[in-house]
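What's in target_19.cif: mmCIF, C-alpha atoms and all ligand atoms
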```
data_run
#
loop_
_atom_site.label_atom_id
_atom_site.label_comp_id
_atom_site.auth_asym_id
_atom_site.auth_seq_id
_atom_site.Cartn_x
_atom_site.Cartn_y
_atom_site.Cartn_z
CA MET E 908 -19.36 103.15 0.71
CA LEU E 909 -18.20 104.23 -2.70
CA ILE E 910 -17.71 107.97 -3.09
CA THR E 911 -16.72 109.92 -6.15
CA ILE E 912 -14.80 113.14 -5.70
CA PRO E 913 -15.13 115.54 -8.63
CA ASP E 914 -12.19 117.77 -9.55
CA LEU E 915 -9.79 116.42 -6.96
CA LEU E 916 -7.07 117.81 -9.23
CA ASP E 917 -7.37 121.36 -10.54
CA PRO E 918 -6.75 121.83 -14.28
CA ARG E 919 -3.17 123.08 -13.80
CA THR E 920 -2.14 120.15 -11.57
CA LEU E 921 -3.88 117.68 -13.88
CA ALA E 922 -2.08 119.07 -16.95
CA GLU E 923 1.27 118.95 -15.18
CA CYS E 924 0.72 115.33 -14.05
CA ARG E 925 -0.35 114.27 -17.54
CA ASN E 926 2.62 115.96 -19.23
CA ARG E 927 5.09 114.30 -16.92
CA LEU E 928 3.43 110.91 -17.24
CA ALA E 929 3.48 111.14 -21.04
CA ALA E 930 7.28 111.32 -20.91
CA ALA E 931 7.76 108.76 -18.08
CA THR E 932 9.20 105.23 -18.32
CA TRP E 933 6.71 102.48 -17.44
CA ILE E 934 7.57 99.04 -16.02
CA ASP E 935 5.65 95.73 -15.82
CA GLY E 936 2.85 96.12 -13.25
CA ARG E 937 3.51 92.66 -11.82
CA ALA E 938 6.60 94.10 -10.08
CA THR E 939 4.40 95.34 -7.21
CA ALA E 940 1.70 92.64 -7.15
CA GLY E 941 1.35 89.81 -4.64
CA PRO E 942 1.60 86.25 -6.01
CA ILE E 943 -2.15 85.77 -6.49
CA SER E 944 -2.78 89.24 -7.96
CA ALA E 945 0.19 88.82 -10.32
CA THR E 946 -1.67 86.07 -12.17
CA VAL E 947 -4.50 88.46 -13.16
CA LYS E 948 -2.50 91.70 -13.46
CA ASN E 949 -1.58 92.83 -16.93
CA ASN E 950 -0.68 96.51 -17.03
CA ARG E 951 2.24 98.93 -16.66
CA GLN E 952 3.28 101.04 -13.70
CA LEU E 953 5.74 103.76 -12.86
CA ASP E 954 8.66 102.61 -10.75
CA PRO E 955 7.41 103.68 -7.30
CA THR E 956 10.95 104.63 -6.25
CA GLY E 957 11.55 106.84 -9.32
CA ARG E 958 11.59 110.62 -9.37
CA ASP E 959 8.44 110.91 -11.54
CA ALA E 960 6.30 108.82 -9.19
CA ILE E 961 7.59 110.63 -6.11
CA GLU E 962 7.15 114.15 -7.50
CA ILE E 963 3.80 113.67 -9.25
CA GLY E 964 2.64 111.71 -6.20
CA GLY E 965 3.56 114.71 -4.06
CA GLU E 966 1.27 116.93 -6.15
CA ILE E 967 -1.58 114.48 -5.68
CA LEU E 968 -1.01 114.23 -1.93
CA ALA E 969 -1.11 118.03 -1.66
CA ALA E 970 -4.43 118.05 -3.54
CA LEU E 971 -5.86 115.39 -1.18
CA HIS E 972 -5.05 117.49 1.85
CA ARG E 973 -6.93 120.44 0.31
CA ASP E 974 -10.08 118.43 -0.47
CA PRO E 975 -12.69 118.47 2.33
CA THR E 976 -14.75 115.64 0.78
CA PHE E 977 -11.72 113.34 0.55
CA LEU E 978 -10.72 114.10 4.15
CA SER E 979 -14.28 113.61 5.41
CA ALA E 980 -14.71 110.32 3.55
CA THR E 981 -11.38 108.77 4.55
CA LEU E 982 -10.32 110.41 7.85
CA PRO E 983 -6.71 109.54 7.02
CA LEU E 984 -4.14 108.47 9.58
CA ARG E 985 -1.50 107.57 6.98
CA ILE E 986 -1.53 107.73 3.18
CA LEU E 987 0.76 105.51 1.12
CA PRO E 988 2.63 107.29 -1.68
CA PRO E 989 0.48 107.47 -4.83
CA MET E 990 1.34 104.95 -7.54
CA PHE E 991 0.55 105.18 -11.25
CA ASN E 992 -0.63 102.65 -13.80
CA ALA E 993 -1.30 102.56 -17.51
CA TYR E 994 -3.49 100.18 -19.51
CA GLY E 995 -3.33 99.98 -23.30
CA PRO E 996 -5.26 97.75 -25.70
CA GLY E 997 -5.65 94.22 -24.29
CA GLU E 998 -4.38 95.18 -20.82
CA SER E 999 -6.53 94.61 -17.75
CA PHE E 1000 -6.44 93.69 -14.07
CA GLY E 1001 -8.74 90.78 -13.24
CA ILE E 1002 -10.79 90.50 -10.09
CA HIS E 1003 -8.67 90.69 -6.92
CA VAL E 1004 -8.46 92.14 -3.43
CA ASP E 1005 -5.62 94.49 -2.50
CA ASN E 1006 -3.06 93.48 0.13
CA ALA E 1007 -4.17 94.30 3.67
CA VAL E 1008 -0.87 95.67 4.93
CA ARG E 1009 1.76 97.51 2.92
CA ASN E 1010 4.69 99.82 3.38
CA ALA E 1011 6.08 102.71 1.38
CA PRO E 1012 9.28 101.97 -0.58
CA GLY E 1013 12.28 102.27 1.73
CA ASP E 1014 10.10 102.81 4.80
CA PRO E 1015 9.48 99.83 7.11
CA THR E 1016 6.37 101.43 8.69
CA ARG E 1017 3.48 99.05 8.08
CA ILE E 1018 0.28 100.68 6.91
CA ARG E 1019 -3.08 98.91 6.91
CA ALA E 1020 -5.03 99.57 3.72
CA ASP E 1021 -8.55 100.56 4.80
CA VAL E 1022 -9.55 102.78 1.89
CA SER E 1023 -8.49 102.58 -1.75
CA THR E 1024 -8.46 105.59 -4.06
CA THR E 1025 -8.19 105.79 -7.83
CA VAL E 1026 -7.62 109.18 -9.46
CA PHE E 1027 -8.48 109.06 -13.15
CA LEU E 1028 -5.87 110.86 -15.25
CA SER E 1029 -7.31 110.05 -18.71
CA ASP E 1030 -10.69 111.28 -19.89
CA PRO E 1031 -13.34 108.63 -20.66
CA ASP E 1032 -13.25 109.47 -24.37
CA GLU E 1033 -9.51 108.72 -24.55
CA TYR E 1034 -10.01 104.95 -24.19
CA GLU E 1035 -12.62 102.24 -24.65
CA GLY E 1036 -13.21 99.72 -21.86
CA GLY E 1037 -11.07 100.07 -18.73
CA GLU E 1038 -13.97 100.48 -16.28
CA LEU E 1039 -13.09 100.00 -12.61
CA THR E 1040 -15.73 97.61 -11.28
CA ILE E 1041 -16.11 97.27 -7.52
CA GLU E 1042 -18.21 94.62 -5.77
CA THR E 1043 -20.41 96.21 -3.11
CA PRO E 1044 -23.16 94.81 -0.84
CA PHE E 1045 -25.62 96.30 -3.36
CA GLY E 1046 -24.07 94.70 -6.42
CA ALA E 1047 -21.15 95.55 -8.67
CA GLN E 1048 -20.61 99.21 -9.53
CA SER E 1049 -18.65 100.31 -12.58
CA VAL E 1050 -16.73 103.55 -12.44
CA LYS E 1051 -15.18 105.55 -15.27
CA LEU E 1052 -14.68 109.20 -14.38
CA PRO E 1053 -13.40 112.35 -16.07
CA ALA E 1054 -9.70 113.11 -15.70
CA GLY E 1055 -8.93 114.71 -12.34
CA HIS E 1056 -11.89 113.02 -10.59
CA ALA E 1057 -11.39 110.28 -8.00
CA VAL E 1058 -13.24 107.35 -6.50
CA VAL E 1059 -12.80 106.20 -2.91
CA TYR E 1060 -13.90 102.71 -1.84
CA PRO E 1061 -13.22 100.20 0.95
CA SER E 1062 -10.00 98.23 0.45
CA THR E 1063 -11.89 95.15 1.60
CA SER E 1064 -13.72 95.08 -1.77
CA LEU E 1065 -13.10 92.74 -4.67
CA HIS E 1066 -12.52 94.83 -7.79
CA GLU E 1067 -11.19 94.68 -11.33
CA VAL E 1068 -10.17 96.87 -14.26
CA ALA E 1069 -11.88 95.70 -17.46
CA PRO E 1070 -9.70 95.20 -20.54
CA VAL E 1071 -8.94 98.39 -22.43
CA ARG E 1072 -10.03 97.94 -26.06
CA SER E 1073 -8.40 101.05 -27.53
CA GLY E 1074 -6.53 104.14 -26.39
CA GLU E 1075 -4.76 104.39 -23.05
CA ARG E 1076 -6.10 104.60 -19.50
CA ILE E 1077 -3.73 106.26 -17.03
CA ALA E 1078 -4.58 106.55 -13.34
CA SER E 1079 -3.08 107.08 -9.94
CA PHE E 1080 -4.00 104.75 -7.11
CA PHE E 1081 -3.09 104.50 -3.45
CA TRP E 1082 -4.23 103.30 -0.05
CA ILE E 1083 -5.13 105.02 3.17
CA GLN E 1084 -5.04 103.80 6.73
CA SER E 1085 -8.02 105.57 8.23
CA MET E 1086 -8.27 106.74 11.83
CA ILE E 1087 -11.59 104.88 11.67
CA ARG E 1088 -10.88 101.25 10.83
CA ASP E 1089 -14.49 100.11 10.65
CA GLU E 1090 -16.21 100.80 7.35
CA GLY E 1091 -19.67 101.15 8.96
CA GLU E 1092 -18.42 103.71 11.49
CA ARG E 1093 -16.55 105.60 8.75
CA THR E 1094 -19.70 105.76 6.61
CA LEU E 1095 -21.82 107.07 9.52
CA LEU E 1096 -19.25 109.77 10.26
CA PHE E 1097 -19.15 110.79 6.60
CA ASP E 1098 -22.94 111.06 6.40
CA LEU E 1099 -23.08 113.03 9.65
CA ASP E 1100 -20.32 115.40 8.54
CA GLN E 1101 -21.97 116.02 5.16
CA THR E 1102 -25.26 116.82 6.95
CA ILE E 1103 -23.47 119.28 9.24
CA GLN E 1104 -21.84 120.97 6.25
CA ASP E 1105 -25.25 121.23 4.51
CA LEU E 1106 -26.81 122.77 7.64
CA ARG E 1107 -23.97 125.29 7.96
CA LEU E 1108 -24.44 126.31 4.34
CA ARG E 1109 -28.20 126.61 4.73
CA ASP E 1110 -28.45 128.23 8.16
CA GLY E 1111 -25.04 129.82 8.73
CA GLU E 1112 -21.96 128.90 10.75
CA GLY E 1113 -23.56 129.50 14.14
CA ASP E 1114 -26.67 127.38 13.54
CA PRO E 1115 -27.39 125.70 16.91
CA HIS E 1116 -28.36 122.38 15.29
CA ALA E 1117 -25.07 122.28 13.41
CA VAL E 1118 -23.25 123.03 16.67
CA ARG E 1119 -25.08 120.14 18.42
CA LEU E 1120 -24.42 117.73 15.57
CA SER E 1121 -20.76 118.71 15.40
CA PHE E 1122 -20.56 117.99 19.14
CA VAL E 1123 -21.87 114.48 18.39
CA TYR E 1124 -19.49 114.11 15.41
CA HIS E 1125 -16.35 115.07 17.29
CA ASN E 1126 -17.21 112.91 20.27
CA LEU E 1127 -17.82 109.89 18.03
CA VAL E 1128 -14.42 110.50 16.39
CA ARG E 1129 -12.89 110.76 19.87
CA ARG E 1130 -14.52 107.44 20.77
CA TRP E 1131 -13.61 105.56 17.60
CA ALA E 1132 -10.37 107.04 16.25
CA GLU E 1133 -6.99 105.31 16.38
CA THR E 1134 -4.24 107.90 16.24
NI NI F 1201 -6.48 96.55 -6.77
#
```

Mind turning the file's structure into structure tokens?
Amino acid sequence: MLITIPDLLDPRTLAECRNRLAAATWIDGRATAGPISATVKNNRQLDPTGRDAIEIGGEILAALHRDPTFLSATLPLRILPPMFNAYGPGESFGIHVDNAVRNAPGDPTRIRADVSTTVFLSDPDEYEGGELTIETPFGAQSVKLPAGHAVVYPSTSLHEVAPVRSGERIASFFWIQSMIRDEGERTLLFDLDQTIQDLRLRDGEGDPHAVRLSFVYHNLVRRWAET
């Protein structure tokens, strides 16, 4: 399941993130890649232990926790600290799969990456190329979203960032360990929750069908969730 989340960042947060990133120091992206990924990774990243990454990442985490679509799509148990990358002309990240298990800098807690998120911080007209292409059971899907919008997709997917031909593509990316490990179960819960929200909007909070479906939803979460 590939889900786009419009306006994950409000205009003020987006502007603040972009201003800070414009003044930040970038390092070689291979510093945080595994040995296989390092051979296809050609970009720049913020030092994940630096003040910029930690503080801007904190703003993004706060926005995630306010976004009902993000929470419904990912059902997060743990979220790794957001990281940041930049691609200029000729930079790209060839096809790869992300590491299955990671930990935050300085924290030995191991976190399984179930869901990957990219938050676009540059607008599509600021760079040429740079599409994020994700292999799905229904073929490859290319994603290039307005600044402040995000895409959420299973971390099990092969994916790549096409070479940037001009301009600069800046994004934040991070991984989530979901309470629901199984992608199929997570997708069903998302679809069910979205239907319940639609019913509540259409027929009001007390709609008996929404109440029944939310009973099913919560009992499926109870059955499937790891906490
Ligand atoms: Ni990746």

Within 10 Å of ligand NI 1201 (chain F) (counting all atoms listed in the file), which residues show up? I'd like them as a list in words. Ala940, Ser944, Lys948, Phe1000, Gly1001, Ile1002, His1003, Val1004, Asp1005, Asn1006, Ser1023, Thr1024, Thr1025, Leu1039, Ile1041, Ser1062, Ser1064, Leu1065, His1066, Glu1067, Val1068, Phe1080, Phe1081 and Trp1082 of chain E

Select, from E:Thr1094, E:Thr981, E:Ser1073, E:Ser1029, the residue with the minimum atom-to-atom distance to Leu1052 of chain E, counting all atoms listed in the file.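 Comparing E:Thr1094, E:Thr981, E:Ser1073, E:Ser1029 against Leu1052 of chain E, the winner is E:Ser1029.
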
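Using only C-alpha atoms for every distance, the candidate list E:Ile1087, E:Asp1098, E:Ile986, E:Glu923 yields E:Ile986 as the residue closest to Thr1016 of chain E.
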
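The protein and nucleic acid residues lying at most 9 Å from Ala938 of chain E are Ile934, Asp935, Gly941, Ala945, Gln952 and Asp954 of chain E, with only C-alpha atoms considered and sequence neighbours fewer than 3 positions away removed.
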
From E:Pro989, E:Ala1054, E:Gln1084, E:Ala980, residue lying nearest Asp1100 of chain E [all atoms listed in the file]: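 Under the stated criterion, the closest residue is E:Ala980.
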
Check the smallest atom-to-atom distance from each of E:Ile967, E:Leu915, E:Ile910, E:Met990 to Thr939 of chain E using only C-alpha atoms, then report the winner.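 Between E:Ile967, E:Leu915, E:Ile910, E:Met990, the residue approaching Thr939 of chain E most closely is E:Met990.
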
Distance query Gln1104 of chain E at most 12 Å, only C-alpha atoms, self and fewer than 2 positions along chain excluded, as a count of residues only: 24

Give me, please, the distance in Å between atom CA of Leu1096 of chain E and atom CA of Gly965 of chain E, quoted to one decimal.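 Atom-to-atom, atom CA of Leu1096 of chain E and atom CA of Gly965 of chain E are spaced 27.4 Å apart.
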